[in-house]
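Structure file run37.pdb with PDB, C-alpha atoms:
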```
ATOM      1  CA  MET R  28      46.766 -22.625   4.869
ATOM      2  CA  GLY R  29      44.371 -19.997   3.638
ATOM      3  CA  GLY R  30      41.438 -21.683   5.489
ATOM      4  CA  VAL R  31      39.033 -20.133   7.955
ATOM      5  CA  SER R  32      39.876 -20.665  11.607
ATOM      6  CA  ALA R  33      37.395 -22.207  14.044
ATOM      7  CA  ALA R  34      37.106 -18.889  15.865
ATOM      8  CA  GLU R  35      36.318 -17.079  12.646
ATOM      9  CA  SER R  36      33.721 -19.699  11.727
ATOM     10  CA  VAL R  37      31.980 -19.378  15.085
ATOM     11  CA  ALA R  38      32.021 -15.596  14.812
ATOM     12  CA  ARG R  39      30.305 -15.736  11.430
ATOM     13  CA  VAL R  40      27.489 -18.108  12.406
ATOM     14  CA  PRO R  41      25.153 -15.548  14.050
ATOM     15  CA  HIS R  42      25.261 -13.088  11.156
ATOM     16  CA  GLU R  43      22.527 -14.591   8.986
ATOM     17  CA  PRO R  44      20.023 -15.202  11.816
ATOM     18  CA  LYS R  45      20.654 -11.659  13.044
ATOM     19  CA  GLN R  46      19.830 -10.323   9.574
ATOM     20  CA  ASP R  47      16.679 -12.430   9.543
ATOM     21  CA  ARG R  48      15.659 -11.070  12.941
ATOM     22  CA  SER R  49      16.328  -7.530  11.782
ATOM     23  CA  ARG R  50      14.184  -8.049   8.686
ATOM     24  CA  ALA R  51      11.375  -9.550  10.777
ATOM     25  CA  THR R  52      11.533  -6.628  13.221
ATOM     26  CA  ARG R  53      11.332  -4.153  10.355
ATOM     27  CA  GLN R  54       8.280  -5.889   8.891
ATOM     28  CA  ARG R  55       6.536  -5.992  12.295
ATOM     29  CA  LEU R  56       7.131  -2.259  12.678
ATOM     30  CA  LEU R  57       5.767  -1.522   9.208
ATOM     31  CA  ALA R  58       2.634  -3.605   9.780
ATOM     32  CA  ALA R  59       2.097  -2.033  13.212
ATOM     33  CA  ALA R  60       2.547   1.474  11.798
ATOM     34  CA  VAL R  61      -0.145   0.928   9.162
ATOM     35  CA  ALA R  62      -2.522  -0.602  11.722
ATOM     36  CA  CYS R  63      -1.980   2.296  14.153
ATOM     37  CA  LEU R  64      -2.376   4.922  11.445
ATOM     38  CA  ALA R  65      -5.647   3.344  10.302
ATOM     39  CA  GLU R  66      -6.927   3.003  13.874
ATOM     40  CA  TYR R  67      -5.650   6.117  15.658
ATOM     41  CA  GLY R  68      -4.824   8.556  12.862
ATOM     42  CA  TRP R  69      -1.633  10.583  12.577
ATOM     43  CA  ALA R  70      -1.912  12.366  15.935
ATOM     44  CA  GLY R  71      -2.265   9.139  17.900
ATOM     45  CA  SER R  72       0.350   7.144  16.010
ATOM     46  CA  THR R  73       3.603   7.958  17.744
ATOM     47  CA  VAL R  74       6.767   5.897  17.364
ATOM     48  CA  SER R  75       6.287   4.661  20.953
ATOM     49  CA  VAL R  76       2.741   3.463  20.218
ATOM     50  CA  VAL R  77       3.888   1.671  17.075
ATOM     51  CA  ALA R  78       6.888   0.104  18.821
ATOM     52  CA  GLU R  79       4.665  -1.194  21.629
ATOM     53  CA  ARG R  80       2.203  -2.682  19.162
ATOM     54  CA  ALA R  81       5.039  -4.338  17.260
ATOM     55  CA  GLY R  82       6.523  -5.714  20.486
ATOM     56  CA  VAL R  83       9.882  -3.968  20.121
ATOM     57  CA  SER R  84      11.665  -1.210  22.000
ATOM     58  CA  ARG R  85      11.491   2.426  20.920
ATOM     59  CA  GLY R  86      15.255   2.293  20.389
ATOM     60  CA  ALA R  87      14.904  -0.652  18.026
ATOM     61  CA  ALA R  88      12.209   1.209  16.107
ATOM     62  CA  GLN R  89      14.425   4.267  15.728
ATOM     63  CA  HIS R  90      17.326   2.084  14.628
ATOM     64  CA  HIS R  91      15.280   0.996  11.611
ATOM     65  CA  PHE R  92      13.463   4.301  11.079
ATOM     66  CA  PRO R  93      15.294   7.364  12.474
ATOM     67  CA  THR R  94      12.269   9.661  12.114
ATOM     68  CA  ARG R  95       8.516   9.312  12.415
ATOM     69  CA  GLU R  96       8.146  10.349   8.786
ATOM     70  CA  ASP R  97      10.564   7.596   7.719
ATOM     71  CA  LEU R  98       8.466   5.016   9.564
ATOM     72  CA  PHE R  99       5.058   5.946   8.209
ATOM     73  CA  THR R 100       5.954   6.631   4.600
ATOM     74  CA  ALA R 101       7.858   3.316   4.512
ATOM     75  CA  ALA R 102       4.900   1.519   6.105
ATOM     76  CA  VAL R 103       2.337   2.713   3.592
ATOM     77  CA  GLU R 104       4.705   2.004   0.693
ATOM     78  CA  TYR R 105       5.482  -1.483   2.003
ATOM     79  CA  VAL R 106       1.852  -2.497   2.338
ATOM     80  CA  ALA R 107       0.958  -0.900  -1.007
ATOM     81  CA  GLU R 108       3.573  -3.075  -2.671
ATOM     82  CA  GLU R 109       2.348  -6.151  -0.798
ATOM     83  CA  ARG R 110      -1.229  -5.519  -1.919
ATOM     84  CA  SER R 111      -0.139  -4.975  -5.512
ATOM     85  CA  THR R 112       1.659  -8.310  -5.408
ATOM     86  CA  ALA R 113      -1.394  -9.990  -3.897
ATOM     87  CA  LEU R 114      -3.671  -8.499  -6.560
ATOM     88  CA  ARG R 115      -1.459  -9.747  -9.371
ATOM     89  CA  ALA R 116      -1.405 -13.184  -7.735
ATOM     90  CA  LEU R 117      -5.215 -13.353  -7.878
ATOM     91  CA  PHE R 118      -5.093 -13.388 -11.681
ATOM     92  CA  PRO R 119      -1.689 -14.819 -12.633
ATOM     93  CA  GLU R 120      -2.722 -15.259 -16.264
ATOM     94  CA  GLY R 121      -5.303 -12.495 -16.445
ATOM     95  CA  ALA R 122      -9.005 -12.718 -15.609
ATOM     96  CA  ALA R 123     -11.557 -13.842 -18.180
ATOM     97  CA  ASP R 124     -14.232 -11.578 -16.700
ATOM     98  CA  ARG R 125     -13.295  -7.909 -16.470
ATOM     99  CA  ARG R 126     -16.052  -7.363 -13.923
ATOM    100  CA  VAL R 127     -14.147  -9.539 -11.470
ATOM    101  CA  VAL R 128     -11.034  -7.436 -12.068
ATOM    102  CA  VAL R 129     -12.989  -4.224 -11.469
ATOM    103  CA  ALA R 130     -14.224  -5.551  -8.110
ATOM    104  CA  ALA R 131     -10.692  -6.584  -7.120
ATOM    105  CA  LEU R 132      -9.302  -3.161  -8.039
ATOM    106  CA  VAL R 133     -11.967  -1.434  -5.945
ATOM    107  CA  GLY R 134     -10.888  -3.678  -3.080
ATOM    108  CA  LEU R 135      -7.511  -1.918  -3.091
ATOM    109  CA  TYR R 136      -9.221   1.217  -1.836
ATOM    110  CA  THR R 137     -11.534  -0.193   0.839
ATOM    111  CA  GLY R 138      -9.101  -1.752   3.312
ATOM    112  CA  PRO R 139      -6.777  -0.622   6.125
ATOM    113  CA  LEU R 140      -4.118   0.552   3.669
ATOM    114  CA  PHE R 141      -6.422   3.181   2.211
ATOM    115  CA  ARG R 142      -7.438   4.393   5.684
ATOM    116  CA  ALA R 143      -3.794   4.619   6.718
ATOM    117  CA  ALA R 144      -2.847   6.425   3.510
ATOM    118  CA  LEU R 145      -5.694   8.908   3.978
ATOM    119  CA  HIS R 146      -4.459   9.816   7.462
ATOM    120  CA  LEU R 147      -0.994  10.257   6.023
ATOM    121  CA  TRP R 148      -2.300  12.548   3.268
ATOM    122  CA  VAL R 149      -4.147  14.714   5.809
ATOM    123  CA  ALA R 150      -1.020  14.982   7.947
ATOM    124  CA  ALA R 151       1.053  15.821   4.869
ATOM    125  CA  SER R 152      -1.198  18.769   4.071
ATOM    126  CA  ASP R 153       0.031  20.420   7.294
ATOM    127  CA  GLU R 154       3.567  19.031   7.489
ATOM    128  CA  GLU R 155       5.785  20.500   4.771
ATOM    129  CA  GLN R 156       8.595  17.987   5.244
ATOM    130  CA  LEU R 157       6.161  15.093   5.097
ATOM    131  CA  ARG R 158       4.249  16.514   2.132
ATOM    132  CA  ALA R 159       7.036  16.091  -0.420
ATOM    133  CA  ARG R 160       7.659  12.477   0.567
ATOM    134  CA  VAL R 161       3.996  11.498   0.621
ATOM    135  CA  THR R 162       3.356  13.227  -2.722
ATOM    136  CA  GLU R 163       6.197  11.261  -4.290
ATOM    137  CA  LEU R 164       4.939   8.029  -2.732
ATOM    138  CA  GLU R 165       1.365   8.605  -3.882
ATOM    139  CA  ALA R 166       2.510   9.312  -7.436
ATOM    140  CA  ARG R 167       4.535   6.082  -7.500
ATOM    141  CA  VAL R 168       1.728   3.962  -6.026
ATOM    142  CA  GLY R 169      -0.746   5.585  -8.428
ATOM    143  CA  ARG R 170       1.391   4.706 -11.451
ATOM    144  CA  GLU R 171       1.743   1.123 -10.241
ATOM    145  CA  SER R 172      -2.013   0.785  -9.656
ATOM    146  CA  HIS R 173      -2.648   2.098 -13.172
ATOM    147  CA  ARG R 174      -0.185  -0.382 -14.689
ATOM    148  CA  ILE R 175      -1.806  -3.246 -12.798
ATOM    149  CA  ALA R 176      -5.253  -2.167 -13.941
ATOM    150  CA  VAL R 177      -4.153  -1.924 -17.586
ATOM    151  CA  ASP R 178      -2.516  -5.352 -17.466
ATOM    152  CA  LEU R 179      -5.389  -7.124 -15.713
ATOM    153  CA  LEU R 180      -8.080  -5.527 -17.862
ATOM    154  CA  GLY R 181      -6.195  -6.189 -21.096
ATOM    155  CA  ALA R 182      -6.632  -2.520 -21.973
ATOM    156  CA  ASP R 183      -5.142  -1.127 -25.171
ATOM    157  CA  GLU R 184      -4.197   2.437 -24.248
ATOM    158  CA  SER R 185      -3.346   3.290 -27.837
ATOM    159  CA  ARG R 186      -7.092   3.490 -28.455
ATOM    160  CA  PRO R 187      -8.744   6.878 -27.789
ATOM    161  CA  GLY R 188     -10.417   7.117 -24.382
ATOM    162  CA  VAL R 189      -9.075   3.850 -22.976
ATOM    163  CA  ARG R 190      -6.497   5.446 -20.688
ATOM    164  CA  GLU R 191      -9.131   7.829 -19.351
ATOM    165  CA  THR R 192     -11.532   4.928 -18.774
ATOM    166  CA  VAL R 193      -8.964   3.074 -16.672
ATOM    167  CA  GLN R 194      -8.082   6.223 -14.737
ATOM    168  CA  GLY R 195     -11.773   6.937 -14.194
ATOM    169  CA  LEU R 196     -12.187   3.455 -12.739
ATOM    170  CA  LEU R 197      -9.365   4.068 -10.263
ATOM    171  CA  ASP R 198     -10.763   7.491  -9.342
ATOM    172  CA  MET R 199     -14.181   5.909  -8.770
ATOM    173  CA  ALA R 200     -12.594   3.213  -6.599
ATOM    174  CA  ARG R 201     -10.884   5.889  -4.507
ATOM    175  CA  GLY R 202     -14.185   7.685  -4.034
ATOM    176  CA  LEU R 203     -15.905   4.487  -2.913
ATOM    177  CA  GLY R 204     -13.083   3.857  -0.482
ATOM    178  CA  LEU R 205     -13.518   7.331   0.973
ATOM    179  CA  ALA R 206     -17.272   6.817   1.403
ATOM    180  CA  ASN R 207     -16.582   3.512   3.133
ATOM    181  CA  LEU R 208     -14.573   5.305   5.831
ATOM    182  CA  LEU R 209     -17.698   6.881   7.300
ATOM    183  CA  THR R 210     -20.329   4.154   6.933
ATOM    184  CA  ASP R 211     -20.611   0.514   5.900
ATOM    185  CA  ASP R 212     -21.200   1.215   2.238
ATOM    186  CA  GLY R 213     -21.029  -2.387   1.083
ATOM    187  CA  VAL R 214     -24.514  -2.781  -0.417
ATOM    188  CA  ARG R 215     -24.416   0.421  -2.485
ATOM    189  CA  ARG R 216     -20.797  -0.226  -3.432
ATOM    190  CA  GLU R 217     -21.645  -3.651  -4.856
ATOM    191  CA  ARG R 218     -24.254  -2.134  -7.187
ATOM    192  CA  VAL R 219     -21.902   0.640  -8.310
ATOM    193  CA  VAL R 220     -19.039  -1.793  -8.889
ATOM    194  CA  ALA R 221     -21.287  -4.128 -10.888
ATOM    195  CA  GLN R 222     -22.385  -1.253 -13.156
ATOM    196  CA  TRP R 223     -18.814  -0.055 -13.599
ATOM    197  CA  GLY R 224     -17.814  -3.570 -14.552
ATOM    198  CA  VAL R 225     -20.308  -3.435 -17.415
ATOM    199  CA  ILE R 226     -19.222   0.071 -18.450
ATOM    200  CA  VAL R 227     -15.496  -0.801 -18.468
ATOM    201  CA  ASP R 228     -16.049  -4.043 -20.379
ATOM    202  CA  GLU R 229     -18.029  -2.234 -23.073
ATOM    203  CA  ALA R 230     -15.575   0.689 -23.259
ATOM    204  CA  LEU R 231     -12.527  -1.537 -23.629
ATOM    205  CA  GLY R 232     -14.171  -3.719 -26.266
TER     206      GLY R 232
END
```
Mind turning this structure into structure tokens?
Amino acid sequence: MGGVSAAESVARVPHEPKQDRSRATRQRLLAAAVACLAEYGWAGSTVSVVAERAGVSRGAAQHHFPTREDLFTAAVEYVAEERSTALRALFPEGAADRRVVVAALVGLYTGPLFRAALHLWVAASDEEQLRARVTELEARVGRESHRIAVDLLGADESRPGVRETVQGLLDMARGLGLANLLTDDGVRRERVVAQWGVIVDEALG
């Protein structure tokens, strides 16, 4: 009495694996969307192209993300969060050398995520509906990047100029990432990053 019947038990078994499959499909779509955006830009990154790259049907893609804008804003946000998590994991107890932290922060802006985000920003400048969502996303990611930088650098923002120093570092990193889109800027970037490491360490005391 009051127990679960055998039929009910059998009916419930597939639910968890189905949820797992759904989660895996969503993550494949997000990763494929970022890769396509970085490789083909906004114009070439249709839902069909992303679905094919992810190995799922267009219908399955639209089940998870009803609109193209839903798919790409979610993709950039997802990978931004993953990279923030990965960056924190590099220095779980903080880094002894701030110059290493500076180099790691610059790395946030020189990979596929930055290229994908840039394409999204360009598209948002012409797409009014997309613009509001991307602006909100960029503001949120920017705040998170700033918090990570402050934590990892051990910066005391109550001191005059410290907040501006950290923000200047992130702005510089963004500029280096932009330059890296056009040419392999690795050699020059290493020298700039090394000098900024010295500057930030001296400024933060």
(message) Under the PyMOL selection byres ((chain R and resi 144-146) around 8), which residues of this model are included? Write them out as a ChimeraX atom specification.
(response) /R:64-65,68-69,103,140-143,147-150
(message) Between R:Ala58, R:Leu205, R:Ala116, R:Val227, which residue has the minimum interatomic distance to Thr137 of chain R, considering only C-alpha atoms?
(response)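 Once distances to Thr137 of chain R are computed over only C-alpha atoms, the minimum belongs to R:Leu205.
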(message) With only C-alpha atoms as the counted atoms, please give the residues lying no more than 12 Å from segment 155-169 of chain R, apart from itself and same-chain residues fewer than 2 positions off, as a ChimeraX atom specification.
(response) /R:69,94-111,135-136,140-141,144-153,171-176,193-194,197-198,201
For those residues, write C-alpha atoms to a file as a PDB file, in the frame of the given file.
```pdb
ATOM      1  CA  TRP R  69      -1.633  10.583  12.577  1.00  0.00           C
ATOM      2  CA  THR R  94      12.269   9.661  12.114  1.00  0.00           C
ATOM      3  CA  ARG R  95       8.516   9.312  12.415  1.00  0.00           C
ATOM      4  CA  GLU R  96       8.146  10.349   8.786  1.00  0.00           C
ATOM      5  CA  ASP R  97      10.564   7.596   7.719  1.00  0.00           C
ATOM      6  CA  LEU R  98       8.466   5.016   9.564  1.00  0.00           C
ATOM      7  CA  PHE R  99       5.058   5.946   8.209  1.00  0.00           C
ATOM      8  CA  THR R 100       5.954   6.631   4.600  1.00  0.00           C
ATOM      9  CA  ALA R 101       7.858   3.316   4.512  1.00  0.00           C
ATOM     10  CA  ALA R 102       4.900   1.519   6.105  1.00  0.00           C
ATOM     11  CA  VAL R 103       2.337   2.713   3.592  1.00  0.00           C
ATOM     12  CA  GLU R 104       4.705   2.004   0.693  1.00  0.00           C
ATOM     13  CA  TYR R 105       5.482  -1.483   2.003  1.00  0.00           C
ATOM     14  CA  VAL R 106       1.852  -2.497   2.338  1.00  0.00           C
ATOM     15  CA  ALA R 107       0.958  -0.900  -1.007  1.00  0.00           C
ATOM     16  CA  GLU R 108       3.573  -3.075  -2.671  1.00  0.00           C
ATOM     17  CA  GLU R 109       2.348  -6.151  -0.798  1.00  0.00           C
ATOM     18  CA  ARG R 110      -1.229  -5.519  -1.919  1.00  0.00           C
ATOM     19  CA  SER R 111      -0.139  -4.975  -5.512  1.00  0.00           C
ATOM     20  CA  LEU R 135      -7.511  -1.918  -3.091  1.00  0.00           C
ATOM     21  CA  TYR R 136      -9.221   1.217  -1.836  1.00  0.00           C
ATOM     22  CA  LEU R 140      -4.118   0.552   3.669  1.00  0.00           C
ATOM     23  CA  PHE R 141      -6.422   3.181   2.211  1.00  0.00           C
ATOM     24  CA  ALA R 144      -2.847   6.425   3.510  1.00  0.00           C
ATOM     25  CA  LEU R 145      -5.694   8.908   3.978  1.00  0.00           C
ATOM     26  CA  HIS R 146      -4.459   9.816   7.462  1.00  0.00           C
ATOM     27  CA  LEU R 147      -0.994  10.257   6.023  1.00  0.00           C
ATOM     28  CA  TRP R 148      -2.300  12.548   3.268  1.00  0.00           C
ATOM     29  CA  VAL R 149      -4.147  14.714   5.809  1.00  0.00           C
ATOM     30  CA  ALA R 150      -1.020  14.982   7.947  1.00  0.00           C
ATOM     31  CA  ALA R 151       1.053  15.821   4.869  1.00  0.00           C
ATOM     32  CA  SER R 152      -1.198  18.769   4.071  1.00  0.00           C
ATOM     33  CA  ASP R 153       0.031  20.420   7.294  1.00  0.00           C
ATOM     34  CA  GLU R 171       1.743   1.123 -10.241  1.00  0.00           C
ATOM     35  CA  SER R 172      -2.013   0.785  -9.656  1.00  0.00           C
ATOM     36  CA  HIS R 173      -2.648   2.098 -13.172  1.00  0.00           C
ATOM     37  CA  ARG R 174      -0.185  -0.382 -14.689  1.00  0.00           C
ATOM     38  CA  ILE R 175      -1.806  -3.246 -12.798  1.00  0.00           C
ATOM     39  CA  ALA R 176      -5.253  -2.167 -13.941  1.00  0.00           C
ATOM     40  CA  VAL R 193      -8.964   3.074 -16.672  1.00  0.00           C
ATOM     41  CA  GLN R 194      -8.082   6.223 -14.737  1.00  0.00           C
ATOM     42  CA  LEU R 197      -9.365   4.068 -10.263  1.00  0.00           C
ATOM     43  CA  ASP R 198     -10.763   7.491  -9.342  1.00  0.00           C
ATOM     44  CA  ARG R 201     -10.884   5.889  -4.507  1.00  0.00           C
TER      45      ARG R 201
END
```
(message) Would you pick out the contacts of Glu217 of chain R at 12 Å or less, using only C-alpha atoms, so that residues sharing its chain but fewer than 3 positions from it are not included, and give the list as an NGL selection string?
(response) :R and (126-127 or 129-131 or 133-134 or 200 or 203 or 207 or 211-214 or 220-224)
Write a file of the selected residues as a compact mmCIF listing (two decimals), in the coordinates of the input, keeping C-alpha atoms.
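Once written, out38.txt looks like this:
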```txt
# COMPACT_ATOMS: atom_id res chain seq x y z
CA ARG R 126 -16.05 -7.36 -13.92
CA VAL R 127 -14.15 -9.54 -11.47
CA VAL R 129 -12.99 -4.22 -11.47
CA ALA R 130 -14.22 -5.55 -8.11
CA ALA R 131 -10.69 -6.58 -7.12
CA VAL R 133 -11.97 -1.43 -5.94
CA GLY R 134 -10.89 -3.68 -3.08
CA ALA R 200 -12.59 3.21 -6.60
CA LEU R 203 -15.90 4.49 -2.91
CA ASN R 207 -16.58 3.51 3.13
CA ASP R 211 -20.61 0.51 5.90
CA ASP R 212 -21.20 1.22 2.24
CA GLY R 213 -21.03 -2.39 1.08
CA VAL R 214 -24.51 -2.78 -0.42
CA VAL R 220 -19.04 -1.79 -8.89
CA ALA R 221 -21.29 -4.13 -10.89
CA GLN R 222 -22.38 -1.25 -13.16
CA TRP R 223 -18.81 -0.06 -13.60
CA GLY R 224 -17.81 -3.57 -14.55
```
(request) Measuring atom to atom with all atoms listed in the file, identify which of R:Ala60, R:Ala113, R:Leu196, R:Leu231 is nearest to Val219 of chain R. (result)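 When distances to Val219 of chain R are compared using all atoms listed in the file, the smallest one comes from R:Leu196.
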(message) If we draw a sphere of 9 Å around (-3.4, -10.3, -14.2), which residues have at least one atom in it when counting only C-alpha atoms? Please report them as a ChimeraX atom specification.
(response) /R:114-122,128,175-176,178-181
Show me, as lines of an AutoDock Vina configuration file, the centre and edge lengths in Å to one decimal of the axis-aligned box that covers every listed atom of segment 155-159 of chain R with 6 Å on each side.
```
center_x = 6.4
center_y = 17.8
center_z = 2.4
size_x = 16.3
size_y = 17.4
size_z = 17.7
```
(message) Quick check, in Å to one decimal: how far apart do atom CA of Leu57 of chain R and atom CA of Ala88 of chain R lie?
(response) 9.8 Å
(request) Determine the nearest neighbour of Glu184 of chain R from the options R:Pro139, R:Arg215, R:Gly202, R:Ala230, counting all atoms listed in the file. (result)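 Comparing R:Pro139, R:Arg215, R:Gly202, R:Ala230 against Glu184 of chain R, the winner is R:Ala230.
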(request) Find the distance between atom CA of Gln54 of chain R and atom CA of His91 of chain R and write it in Å to one decimal. (result)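 A separation of 10.2 Å between them.
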(message) Report, in Å to a single decimal, how far apart atom CA of Thr210 of chain R and atom CA of Arg125 of chain R are.
(response)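 Taking atom CA of Arg125 of chain R and atom CA of Thr210 of chain R, their separation equals 27.3 Å.
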If you keep C-alpha atoms, can you output segment 199-228 of chain R as a PDB file, in the first residue's frame?
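To be explicit, this is the file written out as part39.pdb:
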```
ATOM      1  CA  MET R 199      44.974  46.747 -22.510  1.00  0.00           C
ATOM      2  CA  ALA R 200      44.268  43.008 -22.657  1.00  0.00           C
ATOM      3  CA  ARG R 201      41.237  43.657 -24.862  1.00  0.00           C
ATOM      4  CA  GLY R 202      43.338  45.773 -27.197  1.00  0.00           C
ATOM      5  CA  LEU R 203      45.982  43.058 -27.477  1.00  0.00           C
ATOM      6  CA  GLY R 204      43.269  40.536 -28.222  1.00  0.00           C
ATOM      7  CA  LEU R 205      41.937  42.742 -31.003  1.00  0.00           C
ATOM      8  CA  ALA R 206      45.408  43.119 -32.537  1.00  0.00           C
ATOM      9  CA  ASN R 207      45.835  39.352 -32.398  1.00  0.00           C
ATOM     10  CA  LEU R 208      42.790  38.889 -34.643  1.00  0.00           C
ATOM     11  CA  LEU R 209      44.636  40.268 -37.658  1.00  0.00           C
ATOM     12  CA  THR R 210      48.178  38.945 -37.219  1.00  0.00           C
ATOM     13  CA  ASP R 211      50.136  36.582 -34.988  1.00  0.00           C
ATOM     14  CA  ASP R 212      51.067  39.188 -32.420  1.00  0.00           C
ATOM     15  CA  GLY R 213      52.631  36.796 -29.936  1.00  0.00           C
ATOM     16  CA  VAL R 214      56.181  38.186 -29.802  1.00  0.00           C
ATOM     17  CA  ARG R 215      55.158  41.828 -29.326  1.00  0.00           C
ATOM     18  CA  ARG R 216      52.388  40.805 -26.940  1.00  0.00           C
ATOM     19  CA  GLU R 217      54.836  38.971 -24.677  1.00  0.00           C
ATOM     20  CA  ARG R 218      56.972  42.107 -24.296  1.00  0.00           C
ATOM     21  CA  VAL R 219      53.942  44.306 -23.610  1.00  0.00           C
ATOM     22  CA  VAL R 220      52.515  41.843 -21.089  1.00  0.00           C
ATOM     23  CA  ALA R 221      55.866  41.572 -19.299  1.00  0.00           C
ATOM     24  CA  GLN R 222      56.081  45.374 -18.963  1.00  0.00           C
ATOM     25  CA  TRP R 223      52.492  45.610 -17.763  1.00  0.00           C
ATOM     26  CA  GLY R 224      53.243  42.961 -15.178  1.00  0.00           C
ATOM     27  CA  VAL R 225      55.952  45.212 -13.752  1.00  0.00           C
ATOM     28  CA  ILE R 226      53.727  48.306 -13.900  1.00  0.00           C
ATOM     29  CA  VAL R 227      50.778  46.595 -12.161  1.00  0.00           C
ATOM     30  CA  ASP R 228      52.980  45.079  -9.456  1.00  0.00           C
TER      31      ASP R 228
END
```
